[in-house]
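File shown here: data_1.csv, holding CSV, C-alpha atoms.
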chain,number,residue,atom,x,y,z
A,1,MET,CA,74.7,160.7,15.5
A,2,THR,CA,72.3,163.1,17.2
A,3,ILE,CA,73.6,162.0,20.6
A,4,ALA,CA,77.0,163.2,19.5
A,5,ILE,CA,75.5,166.6,18.7
A,6,TYR,CA,73.8,166.9,22.0
A,7,ILE,CA,77.0,166.0,23.9
A,8,ILE,CA,79.1,168.5,21.8
A,9,VAL,CA,76.5,171.3,22.5
A,10,MET,CA,76.5,170.5,26.2
A,11,ALA,CA,80.3,170.4,26.4
A,12,ALA,CA,80.7,173.6,24.4
A,13,VAL,CA,78.2,175.7,26.4
A,14,THR,CA,79.6,174.4,29.7
A,15,TYR,CA,83.2,175.1,28.7
A,16,LEU,CA,82.5,178.6,27.4
A,17,ILE,CA,80.7,179.5,30.7
A,18,ARG,CA,83.8,178.4,32.6
A,19,MET,CA,86.5,179.7,30.2
A,20,ILE,CA,85.4,183.2,29.2
A,21,PRO,CA,85.4,184.7,32.7
A,22,PHE,CA,88.5,182.8,33.7
A,23,ALA,CA,90.6,183.8,30.7
A,24,PHE,CA,89.2,187.2,29.7
A,25,PHE,CA,87.4,189.0,32.5
A,26,THR,CA,89.3,191.4,34.6
A,27,LYS,CA,86.6,193.4,36.4
A,28,LYS,CA,84.6,192.2,39.4
A,29,ILE,CA,80.8,191.9,39.3
A,30,LYS,CA,79.4,194.8,41.3
A,31,SER,CA,75.6,194.5,40.9
A,32,LYS,CA,74.1,193.3,44.1
A,33,PHE,CA,71.1,191.9,42.3
A,34,PHE,CA,73.3,189.8,39.9
A,35,LYS,CA,75.5,188.6,42.7
A,36,SER,CA,72.5,187.5,44.7
A,37,LEU,CA,71.0,185.8,41.7
A,38,LEU,CA,74.1,183.8,41.1
A,39,TYR,CA,74.2,182.9,44.7
A,40,TYR,CA,70.7,181.4,44.7
A,41,ILE,CA,70.7,179.8,41.2
A,42,PRO,CA,72.6,176.5,42.2
A,43,TYR,CA,70.1,175.8,45.0
A,44,ALA,CA,67.1,176.7,42.9
A,45,VAL,CA,68.3,174.6,40.0
A,46,LEU,CA,68.9,171.5,42.1
A,47,SER,CA,65.5,171.9,43.8
A,48,ALA,CA,63.6,172.4,40.5
A,49,MET,CA,65.5,169.3,39.0
A,50,THR,CA,64.8,167.2,42.1
A,51,PHE,CA,61.1,168.0,42.6
A,52,PRO,CA,58.9,166.4,41.4
A,53,ALA,CA,61.3,164.3,39.2
A,54,ILE,CA,62.6,162.3,42.2
A,55,PHE,CA,59.1,160.7,42.7
A,56,TYR,CA,59.3,159.2,39.2
A,57,SER,CA,63.0,158.1,39.5
A,58,THR,CA,62.5,154.5,40.6
A,59,GLY,CA,59.5,153.8,38.4
A,60,ASP,CA,57.3,153.4,41.5
A,61,HIS,CA,55.9,156.4,43.4
A,62,ILE,CA,55.8,154.6,46.8
A,63,THR,CA,59.4,153.4,46.8
A,64,ALA,CA,60.5,156.7,45.5
A,65,ALA,CA,58.6,158.6,48.2
A,66,ILE,CA,60.2,156.4,50.9
A,67,GLY,CA,63.7,157.0,49.4
A,68,THR,CA,63.0,160.7,49.3
A,69,ALA,CA,62.0,160.8,52.9
A,70,ALA,CA,65.1,158.9,53.9
A,71,ALA,CA,67.3,161.3,52.0
A,72,MET,CA,65.6,164.4,53.5
A,73,ILE,CA,65.9,163.1,57.0
A,74,LEU,CA,69.6,162.2,56.7
A,75,ALA,CA,70.4,165.5,54.8
A,76,PHE,CA,68.7,167.4,57.6
A,77,PHE,CA,71.3,165.9,60.0
A,78,ASP,CA,74.1,167.0,57.7
A,79,LEU,CA,75.3,163.5,56.8
A,80,PRO,CA,77.7,163.2,53.9
A,81,LEU,CA,76.4,163.1,50.3
A,82,ILE,CA,77.2,159.5,49.6
A,83,VAL,CA,75.5,158.4,52.8
A,84,VAL,CA,72.4,160.3,52.0
A,85,ALA,CA,72.4,159.0,48.4
A,86,ALA,CA,73.0,155.4,49.5
A,87,ALA,CA,70.3,155.6,52.1
A,88,ALA,CA,67.8,156.8,49.5
A,89,ALA,CA,68.6,153.9,47.1
A,90,GLY,CA,68.8,151.4,50.0
A,91,SER,CA,65.4,152.3,51.5
A,92,ALA,CA,63.8,152.4,48.0
A,93,LEU,CA,65.2,148.9,47.4
A,94,ILE,CA,64.0,147.5,50.7
A,95,ALA,CA,60.6,149.0,50.2
A,96,ASP,CA,60.4,147.4,46.7
A,97,VAL,CA,61.5,144.0,48.1
A,98,ILE,CA,58.9,144.1,50.9
A,99,MET,CA,56.1,145.2,48.5
A,100,HIS,CA,56.7,142.7,45.7
B,1,MET,CA,106.4,173.4,38.9
B,2,LYS,CA,106.4,169.7,39.5
B,3,LYS,CA,105.9,170.2,43.2
B,4,ASP,CA,102.8,172.3,42.6
B,5,PHE,CA,101.4,169.6,40.3
B,6,PHE,CA,101.7,166.9,42.9
B,7,LYS,CA,100.3,169.2,45.6
B,8,GLY,CA,97.3,169.7,43.4
B,9,LEU,CA,97.0,166.0,42.7
B,10,ARG,CA,97.0,165.3,46.5
B,11,HIS,CA,94.3,168.0,47.1
B,12,GLY,CA,92.2,166.5,44.3
B,13,ILE,CA,92.0,163.0,45.8
B,14,PRO,CA,89.2,163.6,48.2
B,15,ILE,CA,87.2,165.3,45.5
B,16,ALA,CA,87.8,162.4,43.1
B,17,LEU,CA,86.5,159.9,45.7
B,18,GLY,CA,83.3,161.9,46.1
B,19,TYR,CA,82.9,162.2,42.3
B,20,LEU,CA,83.4,158.5,41.9
B,21,SER,CA,80.1,157.9,43.8
B,22,VAL,CA,78.2,160.8,42.4
B,23,SER,CA,79.0,160.0,38.8
B,24,PHE,CA,78.0,156.4,39.5
B,25,GLY,CA,74.4,157.8,39.7
B,26,VAL,CA,75.0,159.8,36.5
B,27,GLY,CA,76.1,156.6,34.7
B,28,ILE,CA,73.0,154.7,35.8
B,29,MET,CA,70.8,157.5,34.8
B,30,ALA,CA,72.4,157.7,31.4
B,31,VAL,CA,71.9,154.0,30.4
B,32,LYS,CA,68.3,154.1,31.8
B,33,ALA,CA,67.7,157.0,29.3
B,34,GLY,CA,69.0,154.8,26.5
B,35,ILE,CA,72.5,156.3,26.2
B,36,SER,CA,75.3,153.9,25.6
B,37,ILE,CA,78.2,153.4,28.1
B,38,THR,CA,80.7,155.0,25.7
B,39,ALA,CA,78.5,158.0,25.1
B,40,ALA,CA,77.9,158.4,28.8
B,41,VAL,CA,81.7,158.3,29.6
B,42,ILE,CA,82.4,160.8,26.8
B,43,MET,CA,79.8,163.1,28.1
B,44,SER,CA,81.2,162.9,31.6
B,45,ALA,CA,84.8,163.4,30.5
B,46,SER,CA,83.8,166.4,28.3
B,47,ASN,CA,81.3,168.1,30.7
B,48,LEU,CA,82.4,167.4,34.3
B,49,THR,CA,79.2,168.6,35.9
B,50,SER,CA,76.5,166.7,37.7
B,51,ALA,CA,73.4,168.9,37.5
B,52,GLY,CA,74.2,169.9,33.9
B,53,GLN,CA,74.6,166.3,32.8
B,54,ALA,CA,71.5,165.2,34.7
B,55,ALA,CA,69.4,167.8,32.9
B,56,GLY,CA,71.2,167.0,29.6
B,57,ILE,CA,70.4,163.3,29.9
B,58,GLY,CA,66.7,164.2,30.5
B,59,ILE,CA,66.6,166.4,27.4
B,60,ILE,CA,68.3,163.7,25.3
B,61,ALA,CA,65.9,161.1,26.5
B,62,ALA,CA,63.0,163.3,25.6
B,63,GLY,CA,64.5,164.2,22.3
B,64,GLY,CA,64.5,167.9,23.2
B,65,ALA,CA,65.5,170.8,20.9
B,66,ILE,CA,69.1,171.9,20.7
B,67,ILE,CA,68.1,175.4,21.8
B,68,GLU,CA,66.5,173.9,24.9
B,69,MET,CA,69.8,172.1,25.6
B,70,ILE,CA,71.8,175.3,25.2
B,71,LEU,CA,69.5,177.3,27.5
B,72,ALA,CA,69.4,174.5,30.1
B,73,GLN,CA,73.2,174.1,30.2
B,74,PHE,CA,73.6,177.9,30.3
B,75,THR,CA,71.3,178.4,33.2
B,76,ILE,CA,72.3,175.4,35.2
B,77,ASN,CA,76.0,176.0,34.8
B,78,LEU,CA,75.9,179.8,35.0
B,79,ARG,CA,77.2,179.6,38.5
B,80,TYR,CA,80.6,178.4,37.1
B,81,SER,CA,81.1,181.8,35.5
B,82,LEU,CA,81.1,183.4,39.0
B,83,MET,CA,83.5,180.9,40.3
B,84,SER,CA,85.8,181.3,37.2
B,85,LEU,CA,85.6,185.1,37.7
B,86,SER,CA,86.5,184.7,41.3
B,87,LEU,CA,89.5,182.4,40.6
B,88,SER,CA,90.7,184.7,37.7
B,89,GLN,CA,91.5,187.3,40.4
B,90,LYS,CA,93.7,184.8,42.2
B,91,LEU,CA,95.9,183.5,39.4
B,92,ASP,CA,99.7,183.7,39.5
B,93,SER,CA,101.2,186.1,37.0
B,94,SER,CA,103.0,183.1,35.3
B,95,PHE,CA,99.6,181.9,34.1
B,96,THR,CA,99.5,182.1,30.3
B,97,LEU,CA,96.4,182.4,28.1
B,98,PRO,CA,96.7,178.8,26.7
B,99,GLN,CA,97.1,177.6,30.2
B,100,LYS,CA,93.9,179.5,31.2
B,101,LEU,CA,92.1,177.9,28.3
B,102,ILE,CA,93.0,174.5,29.6
B,103,ALA,CA,92.6,175.0,33.3
B,104,SER,CA,89.2,176.7,33.0
B,105,PHE,CA,87.8,173.4,31.7
B,106,GLY,CA,87.9,171.8,35.1
B,107,ILE,CA,86.3,174.4,37.3
B,108,THR,CA,83.6,172.6,39.3
B,109,ASP,CA,81.9,173.5,42.7
B,110,GLU,CA,84.4,171.4,44.6
B,111,ILE,CA,87.5,172.3,42.7
B,112,PHE,CA,86.6,176.0,43.0
B,113,ALA,CA,86.1,175.5,46.8
B,114,VAL,CA,89.6,174.0,47.2
B,115,ALA,CA,91.3,176.5,44.9
B,116,VAL,CA,89.7,179.6,46.3
B,117,SER,CA,90.7,178.6,49.9
B,118,ARG,CA,94.4,178.3,49.0
B,119,PRO,CA,96.6,180.9,50.7
B,120,ASN,CA,98.9,181.3,47.7
B,121,ARG,CA,98.3,182.5,44.1
B,122,LEU,CA,97.3,179.7,41.8
B,123,THR,CA,99.8,178.3,39.3
B,124,ALA,CA,98.8,176.4,36.2
B,125,SER,CA,100.6,173.3,37.5
B,126,TYR,CA,98.6,173.3,40.7
B,127,MET,CA,95.4,173.7,38.8
B,128,TYR,CA,96.2,170.8,36.4
B,129,GLY,CA,97.0,168.6,39.4
B,130,LEU,CA,93.9,169.6,41.2
B,131,ILE,CA,91.7,168.9,38.2
B,132,PHE,CA,93.3,165.6,37.1
B,133,MET,CA,92.1,163.2,39.8
B,134,PRO,CA,88.5,164.5,39.9
B,135,LEU,CA,88.3,164.2,36.1
B,136,ILE,CA,89.4,160.6,36.3
B,137,GLY,CA,87.1,159.8,39.2
B,138,TRP,CA,84.1,161.4,37.4
B,139,SER,CA,84.7,159.5,34.2
B,140,LEU,CA,85.5,156.2,35.9
B,141,GLY,CA,82.4,156.5,38.2
B,142,THR,CA,80.2,157.1,35.1
B,143,PHE,CA,81.6,154.0,33.5
B,144,LEU,CA,81.0,151.9,36.5
B,145,GLY,CA,77.5,153.2,37.0
B,146,ALA,CA,76.6,152.8,33.3
B,147,PHE,CA,78.1,149.3,33.4
B,148,ALA,CA,76.2,148.4,36.6
B,149,GLY,CA,73.0,149.9,35.2
B,150,GLU,CA,73.2,147.4,32.3
B,151,LEU,CA,74.2,144.4,34.3
B,152,LEU,CA,72.2,144.7,37.5
B,153,PRO,CA,68.7,143.3,37.7
B,154,PRO,CA,66.1,146.0,36.9
B,155,PHE,CA,64.7,146.3,40.5
B,156,ILE,CA,68.2,147.1,41.8
B,157,ALA,CA,69.0,149.5,39.0
B,158,ASN,CA,65.6,151.2,39.5
B,159,ALA,CA,66.3,151.8,43.2
B,160,MET,CA,69.7,153.2,42.4
B,161,SER,CA,68.3,155.7,39.9
B,162,ILE,CA,67.2,157.7,42.9
B,163,MET,CA,70.9,158.2,44.0
B,164,LEU,CA,71.6,161.4,42.1
B,165,TYR,CA,68.5,163.1,43.4
B,166,GLY,CA,69.5,161.9,46.9
B,167,MET,CA,72.8,163.8,46.4
B,168,PHE,CA,71.0,166.9,45.2
B,169,ILE,CA,68.9,166.7,48.4
B,170,ALA,CA,72.0,166.4,50.5
B,171,ILE,CA,73.4,169.5,48.8
B,172,ILE,CA,70.3,171.7,49.3
B,173,ILE,CA,68.9,170.7,52.6
B,174,PRO,CA,71.8,171.7,55.0
B,175,PRO,CA,72.0,175.4,53.7
B,176,ALA,CA,68.2,175.6,53.6
B,177,ARG,CA,68.1,174.6,57.2
B,178,LYS,CA,70.6,177.2,58.2
B,179,GLU,CA,69.4,180.1,56.0
B,180,ARG,CA,65.8,181.0,55.8
B,181,ASN,CA,66.3,182.8,52.5
B,182,VAL,CA,67.8,179.7,50.9
B,183,LEU,CA,64.9,177.7,52.2
B,184,ILE,CA,62.4,180.0,50.6
B,185,VAL,CA,64.2,179.9,47.3
B,186,VAL,CA,64.4,176.1,47.4
B,187,ILE,CA,60.7,175.7,48.2
B,188,ALA,CA,59.7,178.2,45.6
B,189,ALA,CA,61.8,176.4,42.9
B,190,ALA,CA,60.2,173.1,43.8
B,191,VAL,CA,56.7,174.6,43.8
B,192,PHE,CA,57.2,176.2,40.4
B,193,SER,CA,58.6,173.0,39.0
B,194,CYS,CA,55.6,171.0,40.3
B,195,ILE,CA,53.2,173.6,38.8
B,196,PHE,CA,54.9,173.1,35.4
B,197,LYS,CA,54.7,169.3,35.6
B,198,TYR,CA,51.1,169.1,36.7
B,199,LEU,CA,49.4,172.2,35.4
B,200,ILE,CA,51.4,173.3,32.3
B,201,PRO,CA,52.7,169.9,31.0
B,202,SER,CA,53.1,171.4,27.5
B,203,VAL,CA,56.3,173.0,28.7
B,204,SER,CA,59.2,170.5,28.3
B,205,GLY,CA,61.2,169.4,31.3
B,206,GLY,CA,64.3,171.3,30.5
B,207,PHE,CA,62.5,174.6,30.1
B,208,ALA,CA,60.5,174.0,33.2
B,209,VAL,CA,63.7,173.6,35.3
B,210,ILE,CA,65.2,176.8,33.7
B,211,ILE,CA,62.1,179.0,34.3
B,212,SER,CA,61.4,177.6,37.8
B,213,ALA,CA,65.0,178.1,38.9
B,214,LEU,CA,65.2,181.6,37.4
B,215,LEU,CA,61.9,182.7,39.0
B,216,ALA,CA,62.9,181.4,42.4
B,217,SER,CA,66.3,183.0,42.2
B,218,VAL,CA,64.9,186.3,41.2
B,219,ILE,CA,62.5,186.1,44.2
B,220,GLY,CA,65.6,185.5,46.4
B,221,ALA,CA,67.6,188.3,44.8
B,222,VAL,CA,64.8,190.8,45.1
B,223,PHE,CA,63.6,190.0,48.5
B,224,PHE,CA,66.7,188.7,50.2
B,225,PRO,CA,69.8,190.3,48.5
B,226,ILE,CA,72.9,188.8,50.0
B,227,LYS,CA,75.1,190.9,52.2
B,228,GLU,CA,78.5,190.0,50.9
B,229,MET,CA,79.8,187.5,48.4
B,230,ARG,CA,81.1,184.5,50.4
B,231,GLU,CA,82.8,183.0,47.4
B,232,GLU,CA,85.0,186.0,46.8
B,233,GLU,CA,87.9,187.2,48.8

Output the file's structure in the form of structure tokens.
Amino acid sequence: MTIAIYIIVMAAVTYLIRMIPFAFFTKKIKSKFFKSLLYYIPYAVLSAMTFPAIFYSTGDHITAAIGTAAAMILAFFDLPLIVVAAAAAGSALIADVIMH
Amino acid sequence: MKKDFFKGLRHGIPIALGYLSVSFGVGIMAVKAGISITAAVIMSASNLTSAGQAAGIGIIAAGGAIIEMILAQFTINLRYSLMSLSLSQKLDSSFTLPQKLIASFGITDEIFAVAVSRPNRLTASYMYGLIFMPLIGWSLGTFLGAFAGELLPPFIANAMSIMLYGMFIAIIIPPARKERNVLIVVIAAAVFSCIFKYLIPSVSGGFAVIISALLASVIGAVFFPIKEMREEE
């Protein structure tokens, strides 16, 4: 039952964030500080969510570190999301197979 | 009307294909956290957001407080309010309030990007079409990922759990490479997050992400205010 409450809360908060400005706001945001903050938040959120959690994602620090390195190198060269993600999983898997 | 819907549907197909793979990672993550396949699919169909769901799954797995869930979703998904605001300036005058209440459900980063770049005003039919395929892709991918997570041998499922983070890296690295201010914000957020994890472990994961991201974004906004809003016309 609690899982249902969590999901309802998640969905409600996320919906309200999208709906209220879309349906009821008419003015534009003018504050430069607030605009800048909103510009940076997505990157900051993803970075804070990824590090250090990614190093624990596979259950083994070494395979996770190898997967992370592969993802960072491919992302640096602007490869598509799915390629980067698959390479991270693939290299972590290969590292795991070699080590065990 | 009908033409607009099908145009939106067509524009949504590439987004749906991308979501199919991203949500695969969400599905795997969910079952690893002990969430059932059904609950994972319901979560995806009702939330339609990658970072918010990833954080939510973490909080559920840790048995976090409801207030933590509210604040995490609020902070992580706050960017949608800006996108919604931007799109609200671009709506066709035929858009009614009930239609706005429905269409706003599906505003994601990618759907926003496509909608905002349209030369014409946005109709409700177009928005419905644009949202439809990505919503299907997102839910279906979650199902497949959750299903695979339960079926695949653990060593493969473990390796695949890194996928979602790999995608996050693929989102943040290219802009960080091009813009020094983004790079600094990204590094600051990662450093704060590590400080919480290793030096202040009493702060739960959800709150650590919220505080780290806000601190890093404030640093960016104070020291590198952006010149103009790219996302607005």

Taking only C-alpha atoms into account, name the residue in B:Ile102, B:Leu183, B:Val203, B:Ile195 that is nearest to Leu16 (chain A).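 Closest to Leu16 (chain A), using only C-alpha atoms: B:Ile102.
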
Pairwise distance, CA of Ser212 (chain B) with CA of Ile172 (chain B), equals 15.7 Å

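Between Met72 (chain A) and the residues A:Ala87, A:Ile17, A:Gly59, A:Ala48, the shortest atom-to-atom distance, using all atoms listed in the file, involves A:Ala87.
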
For chain B, which residues have at least one atom within 6 Å of chain A, if we go by all atoms listed in the file? Write them as a ChimeraX atom specification, please. /B:43,46-47,79-81,84-85,88,100,104-105,158-163,165-168,170,172-174,186,189-190,193-194,209,213,217,221,225-226

May I ask for the distance between CA of Ser94 (chain B) and CA of Asp109 (chain B), given in Å to one decimal place?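 So the two atoms, CA of Ser94 (chain B) and CA of Asp109 (chain B), lie 24.3 Å apart.
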
Suppose you want the space between CA of Pro134 (chain B) and CA of Lys90 (chain B); what is it in Å?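 Atom-to-atom, CA of Pro134 (chain B) to CA of Lys90 (chain B), that is 21.1 Å.
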
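With all atoms listed in the file as the atoms that count, the residue of B:Leu101, B:Ile210, B:Ile200, B:Gly27 with the shortest distance to Ala45 (chain B) is B:Gly27.
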
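Proximity of B:Phe223, B:Trp138, B:Phe192, B:Phe6 to Leu48 (chain B), computed with only C-alpha atoms, is greatest for B:Trp138.
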
Residues within 9 Å of region 55-65 of chain B, please, as a PDB file with C-alpha atoms, in the coordinates of the input. Count only C-alpha atoms; anything in the same chain fewer than 5 positions from it doesn't count.
ATOM      1  CA  ILE A   3      73.600 162.000  20.600  1.00  0.00           C
ATOM      2  CA  TYR A   6      73.800 166.900  22.000  1.00  0.00           C
ATOM      3  CA  ILE A   7      77.000 166.000  23.900  1.00  0.00           C
ATOM      4  CA  MET A  10      76.500 170.500  26.200  1.00  0.00           C
ATOM      5  CA  MET A  49      65.500 169.300  39.000  1.00  0.00           C
TER       6      MET A  49
ATOM      7  CA  VAL B  26      75.000 159.800  36.500  1.00  0.00           C
ATOM      8  CA  MET B  29      70.800 157.500  34.800  1.00  0.00           C
ATOM      9  CA  ALA B  30      72.400 157.700  31.400  1.00  0.00           C
ATOM     10  CA  ALA B  33      67.700 157.000  29.300  1.00  0.00           C
ATOM     11  CA  GLY B  34      69.000 154.800  26.500  1.00  0.00           C
ATOM     12  CA  ILE B  35      72.500 156.300  26.200  1.00  0.00           C
ATOM     13  CA  SER B  50      76.500 166.700  37.700  1.00  0.00           C
ATOM     14  CA  ILE B  70      71.800 175.300  25.200  1.00  0.00           C
ATOM     15  CA  ALA B  72      69.400 174.500  30.100  1.00  0.00           C
ATOM     16  CA  GLN B  73      73.200 174.100  30.200  1.00  0.00           C
ATOM     17  CA  ILE B  76      72.300 175.400  35.200  1.00  0.00           C
ATOM     18  CA  SER B 204      59.200 170.500  28.300  1.00  0.00           C
ATOM     19  CA  GLY B 205      61.200 169.400  31.300  1.00  0.00           C
ATOM     20  CA  GLY B 206      64.300 171.300  30.500  1.00  0.00           C
ATOM     21  CA  VAL B 209      63.700 173.600  35.300  1.00  0.00           C
TER      22      VAL B 209
END
